[in-house]
Structures are given as C-alpha cells and as structure tokens.
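Q: Contents of input32.txt (compact mmCIF, C-alpha atoms and all ligand atoms) are given next:
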```
# COMPACT_ATOMS: atom_id res chain seq x y z
CA MET A 1 8.49 -6.85 18.50
CA LYS A 2 8.55 -3.50 16.71
CA LEU A 3 7.55 -2.05 13.39
CA TYR A 4 9.88 0.39 11.67
CA ASP A 5 7.49 3.00 10.35
CA GLY A 6 7.78 6.00 8.04
CA GLY A 7 5.13 8.50 9.15
CA ARG A 8 2.60 8.98 6.32
CA ALA A 9 4.55 6.92 3.79
CA PRO A 10 2.18 4.59 1.90
CA ASN A 11 3.80 1.19 2.41
CA PRO A 12 4.05 1.30 6.21
CA ARG A 13 0.50 2.67 6.16
CA ARG A 14 -0.70 -0.53 4.48
CA VAL A 15 0.63 -2.51 7.46
CA LYS A 16 -0.83 -0.08 10.01
CA ILE A 17 -4.28 -0.29 8.38
CA PHE A 18 -4.00 -4.08 8.33
CA LEU A 19 -3.11 -4.13 12.05
CA ALA A 20 -6.02 -1.81 12.84
CA GLU A 21 -8.42 -4.12 10.96
CA LYS A 22 -7.13 -7.01 13.06
CA GLY A 23 -7.42 -5.00 16.27
CA LEU A 24 -3.68 -5.40 16.91
CA SER A 25 -1.17 -2.86 18.08
CA VAL A 26 2.58 -3.10 17.63
CA PRO A 27 5.16 -0.61 18.98
CA LEU A 28 6.36 1.69 16.23
CA GLU A 29 9.82 3.10 15.68
CA GLN A 30 9.91 6.04 13.31
CA VAL A 31 12.48 6.11 10.53
CA ASP A 32 12.74 9.73 9.39
CA LEU A 33 12.59 9.42 5.61
CA GLY A 34 12.87 13.22 5.27
CA LYS A 35 16.32 12.97 6.85
CA LEU A 36 17.15 9.84 4.79
CA ALA A 37 17.42 7.81 8.01
CA GLN A 38 16.55 4.71 5.96
CA LYS A 39 19.98 5.04 4.37
CA SER A 40 21.87 5.18 7.71
CA PRO A 41 24.25 2.31 8.51
CA GLU A 42 22.03 1.39 11.50
CA TYR A 43 18.88 1.00 9.41
CA THR A 44 20.75 -0.58 6.49
CA ALA A 45 21.78 -3.33 8.91
CA ILE A 46 18.05 -3.92 9.54
CA ASN A 47 16.95 -3.67 5.90
CA PRO A 48 19.73 -3.66 3.29
CA VAL A 49 17.16 -2.47 0.72
CA GLN A 50 16.80 0.76 2.82
CA ARG A 51 12.99 0.86 2.74
CA VAL A 52 10.22 0.89 5.32
CA PRO A 53 8.31 -0.88 6.75
CA ALA A 54 10.36 -3.56 8.52
CA LEU A 55 9.10 -5.76 11.32
CA GLN A 56 11.55 -6.91 13.96
CA LEU A 57 10.45 -9.96 15.94
CA ASP A 58 11.48 -10.62 19.54
CA ASP A 59 13.99 -13.27 18.38
CA GLY A 60 15.63 -10.66 16.11
CA THR A 61 14.12 -11.92 12.84
CA ILE A 62 13.48 -9.10 10.38
CA ILE A 63 10.57 -9.26 7.97
CA THR A 64 10.30 -6.63 5.25
CA GLU A 65 7.85 -6.15 2.36
CA SER A 66 4.44 -4.93 3.48
CA ILE A 67 2.52 -7.96 2.25
CA ALA A 68 4.94 -10.39 3.91
CA ILE A 69 4.45 -8.53 7.19
CA CYS A 70 0.67 -8.62 6.76
CA ARG A 71 0.79 -12.36 6.04
CA TYR A 72 2.77 -12.93 9.23
CA PHE A 73 -0.01 -11.30 11.25
CA GLU A 74 -2.72 -13.07 9.25
CA THR A 75 -1.20 -16.45 10.15
CA LEU A 76 -0.99 -15.57 13.84
CA HIS A 77 -4.39 -13.85 13.93
CA PRO A 78 -6.59 -15.35 11.21
CA GLU A 79 -9.74 -13.40 12.18
CA PRO A 80 -11.03 -11.43 10.44
CA PRO A 81 -9.54 -13.05 7.33
CA LEU A 82 -8.02 -10.37 5.09
CA PHE A 83 -6.29 -12.78 2.70
CA GLY A 84 -9.47 -14.82 2.19
CA ARG A 85 -10.78 -18.23 3.18
CA GLY A 86 -10.38 -21.28 0.96
CA ALA A 87 -8.46 -21.73 -2.28
CA LYS A 88 -10.67 -19.71 -4.62
CA GLN A 89 -11.19 -16.66 -2.43
CA ALA A 90 -7.52 -16.57 -1.32
CA ALA A 91 -6.31 -16.74 -4.94
CA THR A 92 -8.80 -14.07 -6.06
CA ILE A 93 -7.69 -11.73 -3.28
CA GLU A 94 -4.03 -12.34 -4.05
CA MET A 95 -4.66 -11.71 -7.76
CA TRP A 96 -6.32 -8.38 -7.02
CA GLU A 97 -3.81 -7.33 -4.40
CA ARG A 98 -1.00 -7.88 -6.90
CA ARG A 99 -2.89 -6.11 -9.70
CA VAL A 100 -3.52 -3.10 -7.49
CA GLU A 101 0.05 -3.08 -6.18
CA PHE A 102 1.74 -3.44 -9.57
CA HIS A 103 -0.68 -1.52 -11.79
CA LEU A 104 -1.82 1.26 -9.44
CA LEU A 105 0.36 1.80 -6.36
CA GLY A 106 3.53 1.21 -8.39
CA PRO A 107 2.76 3.68 -11.20
CA ILE A 108 1.49 6.31 -8.70
CA SER A 109 4.76 5.92 -6.77
CA HIS A 110 6.72 6.37 -10.00
CA VAL A 111 4.81 9.59 -10.71
CA PHE A 112 5.40 10.93 -7.20
CA ARG A 113 9.00 9.87 -6.87
CA ASN A 114 10.01 11.16 -10.30
CA SER A 115 8.20 14.49 -10.23
CA HIS A 116 8.06 15.76 -6.65
CA PRO A 117 10.91 18.10 -5.68
CA ALA A 118 10.97 16.62 -2.14
CA MET A 119 11.93 13.24 -3.62
CA LYS A 120 15.07 14.47 -5.39
CA GLU A 121 17.45 12.91 -2.90
CA MET A 122 15.50 9.68 -2.51
CA GLU A 123 14.86 8.93 -6.18
CA VAL A 124 18.25 9.14 -7.86
CA PRO A 125 18.17 9.83 -10.72
CA GLN A 126 14.79 11.50 -10.84
CA VAL A 127 13.40 10.98 -14.36
CA PRO A 128 10.50 13.39 -15.06
CA ALA A 129 9.70 11.54 -18.32
CA TRP A 130 9.08 8.34 -16.29
CA ALA A 131 6.62 10.26 -14.12
CA GLU A 132 4.77 11.38 -17.25
CA ALA A 133 4.85 7.88 -18.75
CA ASN A 134 3.12 6.48 -15.68
CA LYS A 135 0.23 8.94 -15.56
CA PRO A 136 -1.81 7.21 -18.31
CA ARG A 137 -1.07 3.82 -16.72
CA VAL A 138 -2.70 5.00 -13.49
CA MET A 139 -5.76 6.20 -15.40
CA ASP A 140 -5.99 2.99 -17.46
CA PHE A 141 -5.98 0.81 -14.37
CA LEU A 142 -8.50 3.00 -12.55
CA ALA A 143 -10.86 2.58 -15.53
CA ILE A 144 -10.47 -1.21 -15.29
CA LEU A 145 -11.11 -1.09 -11.54
CA ASP A 146 -14.18 1.06 -12.08
CA ARG A 147 -15.67 -1.53 -14.46
CA GLU A 148 -14.93 -4.31 -11.95
CA LEU A 149 -16.48 -2.39 -9.07
CA GLN A 150 -19.70 -2.09 -11.05
CA GLY A 151 -20.58 -5.61 -9.97
CA ARG A 152 -19.20 -5.87 -6.46
CA ARG A 153 -18.66 -3.96 -3.24
CA TYR A 154 -14.91 -4.41 -2.72
CA VAL A 155 -11.84 -4.81 -4.93
CA ALA A 156 -11.66 -8.62 -4.70
CA GLY A 157 -15.27 -9.52 -3.98
CA ASP A 158 -18.05 -8.84 -1.52
CA GLU A 159 -15.73 -8.87 1.48
CA TYR A 160 -13.16 -6.31 2.54
CA SER A 161 -9.61 -7.63 2.06
CA VAL A 162 -5.94 -6.73 1.87
CA ALA A 163 -6.57 -5.76 -1.78
CA ASP A 164 -8.78 -2.91 -0.51
CA ILE A 165 -6.02 -1.79 1.84
CA THR A 166 -3.49 -1.53 -1.01
CA GLY A 167 -6.15 0.17 -3.15
CA LEU A 168 -7.07 2.72 -0.49
CA VAL A 169 -3.44 3.61 0.18
CA ALA A 170 -2.78 3.89 -3.56
CA VAL A 171 -5.75 6.20 -4.23
CA ASP A 172 -4.86 8.38 -1.21
CA PHE A 173 -1.29 8.57 -2.52
CA MET A 174 -2.61 10.14 -5.73
CA LYS A 175 -3.01 13.46 -3.89
CA PRO A 176 0.68 14.13 -3.19
CA ALA A 177 1.41 12.77 -6.69
CA LYS A 178 -0.95 15.53 -7.98
CA LEU A 179 -3.30 13.04 -9.60
CA ALA A 180 -7.06 12.74 -9.19
CA VAL A 181 -9.67 10.04 -9.78
CA PRO A 182 -11.70 11.24 -12.80
CA ASP A 183 -15.28 12.23 -11.89
CA ASN A 184 -16.81 9.73 -14.30
CA LEU A 185 -15.32 6.77 -12.35
CA LYS A 186 -18.31 6.64 -10.02
CA ASN A 187 -17.69 3.08 -8.81
CA VAL A 188 -14.11 3.83 -7.75
CA LYS A 189 -15.34 6.95 -5.97
CA ARG A 190 -18.12 5.03 -4.18
CA TRP A 191 -15.68 2.28 -3.13
CA HIS A 192 -13.03 4.82 -2.00
CA GLU A 193 -15.57 6.68 0.08
CA GLU A 194 -16.67 3.46 1.77
CA VAL A 195 -13.19 2.13 2.61
CA SER A 196 -12.06 5.61 3.74
CA ALA A 197 -14.90 5.66 6.28
CA ARG A 198 -13.59 2.58 8.11
CA PRO A 199 -11.83 3.48 11.38
CA SER A 200 -8.68 1.68 10.16
CA ALA A 201 -8.27 4.24 7.36
CA LYS A 202 -7.09 6.78 9.96
CA ALA A 203 -3.85 4.82 10.32
N1 LIG B 301 7.95 -3.29 -1.69
C1 LIG B 301 8.11 -2.59 -0.44
C2 LIG B 301 8.20 -1.10 -0.75
C3 LIG B 301 8.70 -0.30 0.44
C4 LIG B 301 8.93 1.16 0.07
O1 LIG B 301 9.17 1.53 -1.09
N2 LIG B 301 8.88 2.03 1.10
C5 LIG B 301 9.09 3.44 0.89
C6 LIG B 301 8.14 4.24 1.76
S1 LIG B 301 6.49 4.04 1.19
C7 LIG B 301 10.52 3.79 1.34
O2 LIG B 301 10.98 3.26 2.32
N3 LIG B 301 11.18 4.71 0.64
C8 LIG B 301 12.46 5.15 1.01
C9 LIG B 301 13.38 5.37 -0.16
O3 LIG B 301 12.95 5.22 -1.30
O4 LIG B 301 14.55 5.70 0.06
C10 LIG B 301 6.95 -2.92 0.51
O5 LIG B 301 5.96 -3.51 0.06
O6 LIG B 301 7.03 -2.68 1.72
```
Could you show the structure in this file as structure tokens?
A:
Amino acid sequence: MKLYDGGRAPNPRRVKIFLAEKGLSVPLEQVDLGKLAQKSPEYTAINPVQRVPALQLDDGTIITESIAICRYFETLHPEPPLFGRGAKQAATIEMWERRVEFHLLGPISHVFRNSHPAMKEMEVPQVPAWAEANKPRVMDFLAILDRELQGRRYVAGDEYSVADITGLVAVDFMKPAKLAVPDNLKNVKRWHEEVSARPSAKA
C-alpha cells in the first residue's frame, strides 16, 4: 500500500492527520506539485483527475478523494471513531464535514488558486475576480462556525472528528491564501488553537 502525497498541500494533509489520529502509518510517495508531476502520464494513469492524494492498495486498487481514503481506513480501523458512532452522530459529522469542505476549504482554495502567482500553471485560467468573490464567502462561513462553536467544543459536537480535520486544514490554508480569521471570532480561534495542539496537526 502507498499514499501519493503532495508535501504541504491541504488535501493530502487531511489524510495524513487522519492516519496520525488513528495511529497508522502508510508509506508515502511524493508527487512534486511544483513540477506539475501530477500531470505526468505516469501519475495520470493512477489518477486521471491529476490530483493528490491517491491511495494505492496492494491489489492495485486506487482510491482517490481524501474523504473516501479516510473512510477506507475508518472501516478497517474503527477506533477511535472519526466518522461518528450511530446514525445521528455519523450524519451530524458528515453534515459538518461537507459544510466545512464546501463552504470553507473550497472557497479558500479558490482564493489561493486564483490569486497566488505560484498557482498560475496549475489553475488555468487563473481568474482573480473569482478569488475576490470567494473572500466574503470564507468570512461568512467562519462567522457561522463561530456561532456554532459557542455551544460546543468541536465542529460537529463534543468529540473530535473528521470535520475538525477538514476545518483545521482549511483554516491553516488561509495563511498562504493571505486570509486571516477575524479577531472577534473568539470561538473559532479557541477551537483552532485546541485542534492545532494535537500531535496529529504536525502532519
Ligand atoms: N477533492 C479532492 C481534491 C484534491 C486536490 O485538489 N488536491 C490538490 C492538492 S491539495 C491537487 O492535487 N492539486 C493539483 C492541481 O490542481 O493540479 C480530495 O478531496 O482529495
């Protein structure tokens, strides 16, 4: 088994944090995004969508999409549960994971990919207006998250979950996107500080 990784890129980082929380280690193979190695014929044969991460199983099966990879490991190693236990908790975690992925990580990625000079060859065409359009979306969702975190410790409840992993990676990705969590969002800041202090956050 091996995981095709992309250095500090946010999506592979979600999987690496998840693995660290599970106490698992998987051999990594680096795909040099800076050199556009994800677009090489060799890697395109692994993932036609030309993105990392990708997990290759020993029987040759390829699994892409960070959450699909995390689910694979959750099924094999259910403890600690990061996708929840029971119908209600699992659905709540999935709801929050998707909200954070689509309303926070996504818009932050659009800002970064459409404004950062280093992304010119990866994001074609780069549309600076799309970066600008996404900035208020990031701030709107952070305000929602801050209100939610008023009443609970983690994104999806009182237990740490995969929704926190996507949230942590998203908020950390604000830095290269030249965005910052506003100072008045005290609950987001408190939550971010707590999840950043977990050993898995070093991944
Ligand atoms: N939906 C995918 C997104 C994967 C993705 O966008 N990966 C980025 C790195 S964080 C990538 O490979 N970018 C290369 C490119 O855009 O050419 C997932 O959840 O894994």
Q: Contacts of A:Glu193 at 12 Å or less, counting only C-alpha atoms, minus same-chain residues fewer than 3 places along, as a ChimeraX atom specification?
A: /A:153-154,164,167-168,171-172,181,186-190,196-198,201
Q: If we count only C-alpha atoms, what is near A:Gly23 at a cut-off of 12 Å, once residues fewer than 6 positions away on the same chain are taken out, given as a compact mmCIF listing (two decimals) with C-alpha atoms, in the frame of the given file?
A:
```
# COMPACT_ATOMS: atom_id res chain seq x y z
CA LYS A 16 -0.83 -0.08 10.01
CA ILE A 17 -4.28 -0.29 8.38
CA PHE A 73 -0.01 -11.30 11.25
CA GLU A 74 -2.72 -13.07 9.25
CA HIS A 77 -4.39 -13.85 13.93
CA PRO A 78 -6.59 -15.35 11.21
CA GLU A 79 -9.74 -13.40 12.18
CA PRO A 80 -11.03 -11.43 10.44
CA PRO A 199 -11.83 3.48 11.38
CA SER A 200 -8.68 1.68 10.16
```
Q: Taking all atoms listed in the file and a cut-off of 6 Å, can you tell me which residues surround ligand LIG 301 (chain B), written as a VMD selection string?
A: chain A and resid 9 to 11 51 to 53 65 to 66 122
Q: Using only C-alpha atoms, which of the listed residues (A:Phe173, A:Tyr72, A:Tyr43, A:Trp130) sits closest to A:Ser115?
A: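 Among A:Phe173, A:Tyr72, A:Tyr43, A:Trp130, it is A:Trp130 that comes nearest to A:Ser115.
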Q: Which one of A:Ile93, A:Ile46, A:Leu82, A:Ala87 sits closest to A:Lys2 if you count only C-alpha atoms?
A: A:Ile46
Q: Pick the closest to A:Pro48 from A:Ser25, A:Leu3, A:Ile63, A:Arg98: which is it, counting all atoms listed in the file?
A: A:Ile63
Q: Between atom CA of A:Ala143 and atom CA of A:Ala91, what is the distance, to one decimal in Å?
A: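 Computed distance, atom CA of A:Ala143 to atom CA of A:Ala91, equals 22.5 Å.
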Q: Name the closest residue to A:Val111 among the candidates A:Arg152, A:Arg71, A:Arg8, A:Lys135; distances are taken between atoms, counting all atoms listed in the file.
A: A:Lys135
Q: Interatomic distance between atom CA of A:Pro125 and atom CA of A:Ser40?
A: 19.4 Å
